[in-house]
Amino acid sequence: MNKIQVLDKSFEVYLDATTIQTRVREMAKQISSDLKGERPLFLSILNGSFLFTADLIRNLTIDPEISFIKLASYKGMRSTGSITTAIGLEVDLAGRDVILLEDIVDTGNTLYQFLPHLQQQQPRSVRIATLLHKAEATVHPLVLDYVGFVIPNKFVVGYGLDYDGWGRQYDAIYQLSNP
Ligand code: 5GP
């Protein structure tokens, strides 16, 4: 399918299924080589990362532990900035090699706010693997250890990513069509 309609918007294919699978396999190979002999904890950030996580994990040659979290932002009672906490984080991170799995890093706000909370638990290392990176839109100095594709600053859906809850099921990634 080259074009899809999600709610009121039209999208066209940007990364087809084969391109995504090839790149995810490469990422898995790189991660497996970097963490050879270790048992890293993969923290998959829901909802968007579920397909990326499933495909990446199945291509690893190391033995991973996998946990799923949701990040929730809320305004602190006194502070003006928002606070990001993880829902569902039940594994003790102390001394662990953690690899965060994200579908897309856009401004970088979410991860930038969450990383200090993660560091409080004193993991041995924290790495970030993101399938997509809107590099032009990122305003925080995040170190992204594994990036699938650097993409332009245009809205995308498919392969786990949604538009208002719709469009996650596609095996390709679609970009908003120009009007
Ligand atoms: P950030 O905090 O880096 O600005 O945003 C990260 C989150 O915004 C992603 O996890 C994702 O939920 C959402 N997001 C950013 N850009 C897109 C996009 O192009 N498409 C979709 N579906 N979600 C996006």
# chains A, B, ... in the order shown; residues from 1 in each chain; ligands from 1
>>> residues_around(residues="Leu142 (chain A)", least_positions_apart="2", cutoff="7 Å", atoms="only C-alpha atoms", output="ChimeraX atom specification")
/A:112,140,144
>>> write_last_selection(atoms="N, CA and C atoms", output="mmCIF file, in the first residue's frame")
data_model
loop_
_atom_site.group_PDB
_atom_site.id
_atom_site.type_symbol
_atom_site.label_atom_id
_atom_site.label_comp_id
_atom_site.auth_asym_id
_atom_site.auth_seq_id
_atom_site.Cartn_x
_atom_site.Cartn_y
_atom_site.Cartn_z
ATOM 1 N N TYR A 112 14.648 13.250 27.891
ATOM 2 C CA TYR A 112 15.492 14.169 28.647
ATOM 3 C C TYR A 112 14.975 14.324 30.080
ATOM 4 N N HIS A 140 17.223 18.912 22.923
ATOM 5 C CA HIS A 140 17.998 18.557 24.110
ATOM 6 C C HIS A 140 19.245 17.774 23.712
ATOM 7 N N LEU A 144 22.037 9.529 21.589
ATOM 8 C CA LEU A 144 21.246 8.409 21.071
ATOM 9 C C LEU A 144 22.226 7.367 20.543
#
>>> select_by_dssp(residues="region 8-75 of chain A", states="strand (DSSP E)", output="ChimeraX atom specification")
/A:9-15,41-46,65-75
>>> residues_near_ligand(ligand="ligand 1", cutoff="6 Å", atoms="only C-alpha atoms and all ligand atoms", output="compact mmCIF listing (two decimals) with all heavy atoms, in the first residue's frame")
# COMPACT_ATOMS: atom_id res chain seq x y z
N ASP A 103 10.20 4.45 19.98
CA ASP A 103 9.80 4.46 18.58
C ASP A 103 10.39 5.67 17.86
O ASP A 103 10.95 5.56 16.78
CB ASP A 103 8.26 4.44 18.45
CG ASP A 103 7.58 5.51 19.31
OD1 ASP A 103 8.26 6.21 20.10
OD2 ASP A 103 6.34 5.64 19.21
N ILE A 104 10.29 6.84 18.51
CA ILE A 104 10.73 8.06 17.83
C ILE A 104 11.18 9.09 18.87
O ILE A 104 10.56 9.23 19.91
CB ILE A 104 9.60 8.62 16.94
CG1 ILE A 104 10.06 9.86 16.16
CG2 ILE A 104 8.33 8.93 17.69
CD1 ILE A 104 9.13 10.21 14.98
N VAL A 105 12.29 9.74 18.58
CA VAL A 105 12.71 10.89 19.39
C VAL A 105 12.46 12.12 18.53
O VAL A 105 12.98 12.23 17.42
CB VAL A 105 14.19 10.80 19.81
CG1 VAL A 105 14.63 12.08 20.50
CG2 VAL A 105 14.40 9.60 20.72
N ASP A 106 11.63 13.00 19.07
CA ASP A 106 11.23 14.21 18.34
C ASP A 106 11.96 15.39 18.99
O ASP A 106 13.13 15.63 18.72
CB ASP A 106 9.71 14.30 18.42
CG ASP A 106 9.12 15.48 17.69
OD1 ASP A 106 9.84 16.12 16.91
OD2 ASP A 106 7.92 15.78 17.90
N THR A 107 11.33 16.13 19.90
CA THR A 107 12.03 17.21 20.60
C THR A 107 13.06 16.65 21.58
O THR A 107 14.02 17.33 21.94
CB THR A 107 11.05 18.07 21.43
OG1 THR A 107 10.48 17.25 22.45
CG2 THR A 107 9.95 18.65 20.55
N GLY A 108 12.85 15.42 22.03
CA GLY A 108 13.73 14.82 23.02
C GLY A 108 13.26 15.09 24.45
O GLY A 108 13.87 14.59 25.40
N ASN A 109 12.19 15.86 24.61
CA ASN A 109 11.68 16.22 25.94
C ASN A 109 11.45 15.00 26.82
O ASN A 109 11.86 14.97 27.98
CB ASN A 109 10.33 16.94 25.82
CG ASN A 109 10.51 18.43 25.67
OD1 ASN A 109 11.51 18.97 26.10
ND2 ASN A 109 9.55 19.08 25.04
N THR A 110 10.73 14.03 26.29
CA THR A 110 10.31 12.88 27.09
C THR A 110 11.53 12.18 27.70
O THR A 110 11.60 11.98 28.92
CB THR A 110 9.55 11.87 26.21
OG1 THR A 110 8.60 12.60 25.43
CG2 THR A 110 8.85 10.82 27.02
N LYS A 154 8.50 15.66 9.88
CA LYS A 154 7.14 15.49 9.36
C LYS A 154 6.47 14.38 10.14
O LYS A 154 7.14 13.40 10.50
CB LYS A 154 7.19 15.06 7.90
CG LYS A 154 7.31 16.20 6.91
CD LYS A 154 7.08 15.63 5.52
CE LYS A 154 6.95 16.70 4.49
NZ LYS A 154 6.67 16.11 3.16
N PHE A 155 5.18 14.49 10.34
CA PHE A 155 4.45 13.51 11.15
C PHE A 155 4.38 12.15 10.44
O PHE A 155 4.07 12.08 9.25
CB PHE A 155 3.04 14.03 11.44
CG PHE A 155 2.33 13.23 12.48
CD1 PHE A 155 2.67 13.35 13.82
CD2 PHE A 155 1.34 12.32 12.12
CE1 PHE A 155 2.04 12.58 14.79
CE2 PHE A 155 0.69 11.56 13.09
CZ PHE A 155 1.05 11.70 14.42
N VAL A 156 4.67 11.09 11.19
CA VAL A 156 4.63 9.74 10.62
C VAL A 156 3.71 8.82 11.44
O VAL A 156 3.52 9.03 12.64
CB VAL A 156 6.05 9.11 10.53
CG1 VAL A 156 6.89 9.76 9.46
CG2 VAL A 156 6.77 9.14 11.89
N VAL A 157 3.18 7.82 10.77
CA VAL A 157 2.37 6.78 11.43
C VAL A 157 2.79 5.41 10.90
O VAL A 157 3.47 5.31 9.88
CB VAL A 157 0.84 6.93 11.19
CG1 VAL A 157 0.28 8.17 11.84
CG2 VAL A 157 0.49 6.85 9.72
N LEU A 161 3.42 3.38 15.43
CA LEU A 161 3.13 4.81 15.68
C LEU A 161 1.71 5.15 15.25
O LEU A 161 1.23 4.69 14.22
CB LEU A 161 4.12 5.68 14.90
CG LEU A 161 5.55 5.62 15.40
CD1 LEU A 161 6.51 5.33 14.28
CD2 LEU A 161 5.90 6.92 16.09
N ASP A 162 1.05 5.99 16.05
CA ASP A 162 -0.36 6.26 15.80
C ASP A 162 -0.64 7.73 15.48
O ASP A 162 0.18 8.60 15.74
CB ASP A 162 -1.18 5.91 17.05
CG ASP A 162 -0.97 6.94 18.16
OD1 ASP A 162 0.20 7.25 18.46
OD2 ASP A 162 -1.95 7.46 18.71
N TYR A 163 -1.82 7.94 14.95
CA TYR A 163 -2.39 9.28 14.86
C TYR A 163 -3.71 9.20 15.63
O TYR A 163 -4.63 8.51 15.20
CB TYR A 163 -2.60 9.67 13.40
CG TYR A 163 -3.47 10.90 13.19
CD1 TYR A 163 -3.30 12.04 13.97
CD2 TYR A 163 -4.45 10.93 12.20
CE1 TYR A 163 -4.09 13.16 13.79
CE2 TYR A 163 -5.24 12.04 12.00
CZ TYR A 163 -5.06 13.15 12.80
OH TYR A 163 -5.86 14.25 12.63
>>> atom_distance(atom1="CA of Leu41 (chain A)", atom2="CA of Thr84 (chain A)")
20.1 Å
>>> select_by_dssp(residues="chain A", states="alpha helix (DSSP H)", output="PDB file with N, CA and C atoms, in the first residue's frame")
ATOM      1  N   ALA A  17       8.306  -2.038   4.552  1.00  0.00           N
ATOM      2  CA  ALA A  17       8.528  -3.086   5.564  1.00  0.00           C
ATOM      3  C   ALA A  17       9.922  -3.693   5.448  1.00  0.00           C
ATOM      4  N   THR A  18      10.385  -3.931   4.230  1.00  0.00           N
ATOM      5  CA  THR A  18      11.701  -4.569   4.046  1.00  0.00           C
ATOM      6  C   THR A  18      12.811  -3.661   4.544  1.00  0.00           C
ATOM      7  N   THR A  19      12.693  -2.377   4.250  1.00  0.00           N
ATOM      8  CA  THR A  19      13.706  -1.412   4.698  1.00  0.00           C
ATOM      9  C   THR A  19      13.762  -1.373   6.217  1.00  0.00           C
ATOM     10  N   ILE A  20      12.606  -1.376   6.847  1.00  0.00           N
ATOM     11  CA  ILE A  20      12.561  -1.342   8.313  1.00  0.00           C
ATOM     12  C   ILE A  20      13.183  -2.617   8.889  1.00  0.00           C
ATOM     13  N   GLN A  21      12.764  -3.759   8.359  1.00  0.00           N
ATOM     14  CA  GLN A  21      13.261  -5.042   8.906  1.00  0.00           C
ATOM     15  C   GLN A  21      14.776  -5.156   8.755  1.00  0.00           C
ATOM     16  N   THR A  22      15.288  -4.725   7.627  1.00  0.00           N
ATOM     17  CA  THR A  22      16.739  -4.801   7.389  1.00  0.00           C
ATOM     18  C   THR A  22      17.479  -3.957   8.415  1.00  0.00           C
ATOM     19  N   ARG A  23      16.973  -2.756   8.652  1.00  0.00           N
ATOM     20  CA  ARG A  23      17.644  -1.840   9.585  1.00  0.00           C
ATOM     21  C   ARG A  23      17.526  -2.333  11.036  1.00  0.00           C
ATOM     22  N   VAL A  24      16.359  -2.870  11.381  1.00  0.00           N
ATOM     23  CA  VAL A  24      16.174  -3.372  12.751  1.00  0.00           C
ATOM     24  C   VAL A  24      17.123  -4.551  13.004  1.00  0.00           C
ATOM     25  N   ARG A  25      17.303  -5.385  11.977  1.00  0.00           N
ATOM     26  CA  ARG A  25      18.258  -6.513  12.116  1.00  0.00           C
ATOM     27  C   ARG A  25      19.675  -5.998  12.337  1.00  0.00           C
ATOM     28  N   GLU A  26      20.030  -4.940  11.605  1.00  0.00           N
ATOM     29  CA  GLU A  26      21.376  -4.349  11.778  1.00  0.00           C
ATOM     30  C   GLU A  26      21.548  -3.795  13.191  1.00  0.00           C
ATOM     31  N   MET A  27      20.491  -3.128  13.674  1.00  0.00           N
ATOM     32  CA  MET A  27      20.564  -2.567  15.032  1.00  0.00           C
ATOM     33  C   MET A  27      20.737  -3.681  16.058  1.00  0.00           C
ATOM     34  N   ALA A  28      19.988  -4.764  15.883  1.00  0.00           N
ATOM     35  CA  ALA A  28      20.066  -5.893  16.816  1.00  0.00           C
ATOM     36  C   ALA A  28      21.462  -6.501  16.808  1.00  0.00           C
ATOM     37  N   LYS A  29      22.056  -6.558  15.627  1.00  0.00           N
ATOM     38  CA  LYS A  29      23.399  -7.124  15.494  1.00  0.00           C
ATOM     39  C   LYS A  29      24.407  -6.244  16.232  1.00  0.00           C
ATOM     40  N   GLN A  30      24.271  -4.939  16.057  1.00  0.00           N
ATOM     41  CA  GLN A  30      25.185  -3.984  16.704  1.00  0.00           C
ATOM     42  C   GLN A  30      25.053  -4.063  18.225  1.00  0.00           C
ATOM     43  N   ILE A  31      23.812  -4.071  18.705  1.00  0.00           N
ATOM     44  CA  ILE A  31      23.577  -4.130  20.157  1.00  0.00           C
ATOM     45  C   ILE A  31      24.125  -5.448  20.725  1.00  0.00           C
ATOM     46  N   SER A  32      23.882  -6.539  20.004  1.00  0.00           N
ATOM     47  CA  SER A  32      24.361  -7.853  20.467  1.00  0.00           C
ATOM     48  C   SER A  32      25.875  -7.868  20.556  1.00  0.00           C
ATOM     49  N   SER A  33      26.519  -7.203  19.602  1.00  0.00           N
ATOM     50  CA  SER A  33      27.975  -7.177  19.611  1.00  0.00           C
ATOM     51  C   SER A  33      28.491  -6.272  20.737  1.00  0.00           C
ATOM     52  N   ASP A  34      27.850  -5.127  20.930  1.00  0.00           N
ATOM     53  CA  ASP A  34      28.298  -4.202  21.988  1.00  0.00           C
ATOM     54  C   ASP A  34      28.094  -4.780  23.390  1.00  0.00           C
ATOM     55  N   PHE A  50       6.030  -1.028  20.494  1.00  0.00           N
ATOM     56  CA  PHE A  50       5.790  -2.471  20.645  1.00  0.00           C
ATOM     57  C   PHE A  50       6.240  -3.297  19.442  1.00  0.00           C
ATOM     58  N   LEU A  51       6.081  -2.803  18.238  1.00  0.00           N
ATOM     59  CA  LEU A  51       6.507  -3.586  17.069  1.00  0.00           C
ATOM     60  C   LEU A  51       8.022  -3.550  16.909  1.00  0.00           C
ATOM     61  N   PHE A  52       8.602  -2.380  17.101  1.00  0.00           N
ATOM     62  CA  PHE A  52      10.059  -2.239  17.058  1.00  0.00           C
ATOM     63  C   PHE A  52      10.697  -3.184  18.079  1.00  0.00           C
ATOM     64  N   THR A  53      10.146  -3.206  19.292  1.00  0.00           N
ATOM     65  CA  THR A  53      10.671  -4.070  20.350  1.00  0.00           C
ATOM     66  C   THR A  53      10.585  -5.537  19.939  1.00  0.00           C
ATOM     67  N   ALA A  54       9.427  -5.932  19.444  1.00  0.00           N
ATOM     68  CA  ALA A  54       9.224  -7.343  19.079  1.00  0.00           C
ATOM     69  C   ALA A  54      10.213  -7.769  17.998  1.00  0.00           C
ATOM     70  N   ASP A  55      10.439  -6.927  17.016  1.00  0.00           N
ATOM     71  CA  ASP A  55      11.339  -7.295  15.918  1.00  0.00           C
ATOM     72  C   ASP A  55      12.797  -7.234  16.348  1.00  0.00           C
ATOM     73  N   LEU A  56      13.146  -6.218  17.114  1.00  0.00           N
ATOM     74  CA  LEU A  56      14.541  -6.084  17.567  1.00  0.00           C
ATOM     75  C   LEU A  56      14.939  -7.279  18.437  1.00  0.00           C
ATOM     76  N   ILE A  57      14.085  -7.584  19.408  1.00  0.00           N
ATOM     77  CA  ILE A  57      14.356  -8.649  20.367  1.00  0.00           C
ATOM     78  C   ILE A  57      14.559  -9.997  19.673  1.00  0.00           C
ATOM     79  N   ARG A  58      13.754 -10.224  18.626  1.00  0.00           N
ATOM     80  CA  ARG A  58      13.842 -11.516  17.940  1.00  0.00           C
ATOM     81  C   ARG A  58      15.099 -11.656  17.096  1.00  0.00           C
ATOM     82  N   ASN A 109      12.190  15.861  24.606  1.00  0.00           N
ATOM     83  CA  ASN A 109      11.681  16.216  25.938  1.00  0.00           C
ATOM     84  C   ASN A 109      11.446  15.001  26.823  1.00  0.00           C
ATOM     85  N   THR A 110      10.729  14.029  26.288  1.00  0.00           N
ATOM     86  CA  THR A 110      10.315  12.880  27.091  1.00  0.00           C
ATOM     87  C   THR A 110      11.532  12.184  27.703  1.00  0.00           C
ATOM     88  N   LEU A 111      12.495  11.846  26.872  1.00  0.00           N
ATOM     89  CA  LEU A 111      13.651  11.115  27.388  1.00  0.00           C
ATOM     90  C   LEU A 111      14.520  12.002  28.270  1.00  0.00           C
ATOM     91  N   TYR A 112      14.648  13.250  27.891  1.00  0.00           N
ATOM     92  CA  TYR A 112      15.492  14.169  28.647  1.00  0.00           C
ATOM     93  C   TYR A 112      14.975  14.324  30.080  1.00  0.00           C
ATOM     94  N   GLN A 113      13.675  14.326  30.225  1.00  0.00           N
ATOM     95  CA  GLN A 113      13.094  14.454  31.563  1.00  0.00           C
ATOM     96  C   GLN A 113      13.107  13.138  32.328  1.00  0.00           C
ATOM     97  N   PHE A 114      13.056  12.054  31.602  1.00  0.00           N
ATOM     98  CA  PHE A 114      12.983  10.756  32.262  1.00  0.00           C
ATOM     99  C   PHE A 114      14.358  10.238  32.704  1.00  0.00           C
ATOM    100  N   LEU A 115      15.400  10.561  31.958  1.00  0.00           N
ATOM    101  CA  LEU A 115      16.726   9.990  32.234  1.00  0.00           C
ATOM    102  C   LEU A 115      17.216  10.224  33.672  1.00  0.00           C
ATOM    103  N   PRO A 116      17.056  11.432  34.244  1.00  0.00           N
ATOM    104  CA  PRO A 116      17.509  11.619  35.630  1.00  0.00           C
ATOM    105  C   PRO A 116      16.810  10.684  36.614  1.00  0.00           C
ATOM    106  N   HIS A 117      15.532  10.393  36.383  1.00  0.00           N
ATOM    107  CA  HIS A 117      14.803   9.458  37.265  1.00  0.00           C
ATOM    108  C   HIS A 117      15.392   8.058  37.163  1.00  0.00           C
ATOM    109  N   LEU A 118      15.771   7.711  35.964  1.00  0.00           N
ATOM    110  CA  LEU A 118      16.372   6.404  35.720  1.00  0.00           C
ATOM    111  C   LEU A 118      17.731   6.328  36.414  1.00  0.00           C
ATOM    112  N   GLN A 119      18.513   7.384  36.273  1.00  0.00           N
ATOM    113  CA  GLN A 119      19.866   7.412  36.847  1.00  0.00           C
ATOM    114  C   GLN A 119      19.833   7.295  38.373  1.00  0.00           C
ATOM    115  N   GLN A 120      18.743   7.807  38.981  1.00  0.00           N
ATOM    116  CA  GLN A 120      18.608   7.721  40.451  1.00  0.00           C
ATOM    117  C   GLN A 120      18.697   6.286  40.945  1.00  0.00           C
TER     118      GLN A 120
END
>>> closest_residue(among="A:Gly148, A:Gly48, A:Pro141, A:Pro40", to="Gly95 (chain A)", atoms="only C-alpha atoms")
A:Pro40
>>> residues_around(residues="Arg39 (chain A)", least_positions_apart="4", cutoff="7 Å", atoms="only C-alpha atoms", output="MDAnalysis selection string")
chainID A and resid 63:65
>>> write_last_selection(atoms="N, CA and C atoms", output="mmCIF file, in the first residue's frame")
data_model
loop_
_atom_site.group_PDB
_atom_site.id
_atom_site.type_symbol
_atom_site.label_atom_id
_atom_site.label_comp_id
_atom_site.auth_asym_id
_atom_site.auth_seq_id
_atom_site.Cartn_x
_atom_site.Cartn_y
_atom_site.Cartn_z
ATOM 1 N N ASP A 63 21.111 -12.760 25.391
ATOM 2 C CA ASP A 63 19.935 -13.189 26.141
ATOM 3 C C ASP A 63 19.385 -11.991 26.918
ATOM 4 N N PRO A 64 18.306 -11.380 26.455
ATOM 5 C CA PRO A 64 17.868 -10.138 27.087
ATOM 6 C C PRO A 64 16.800 -10.353 28.155
ATOM 7 N N GLU A 65 16.676 -9.370 29.039
ATOM 8 C CA GLU A 65 15.482 -9.283 29.878
ATOM 9 C C GLU A 65 14.686 -8.104 29.315
#
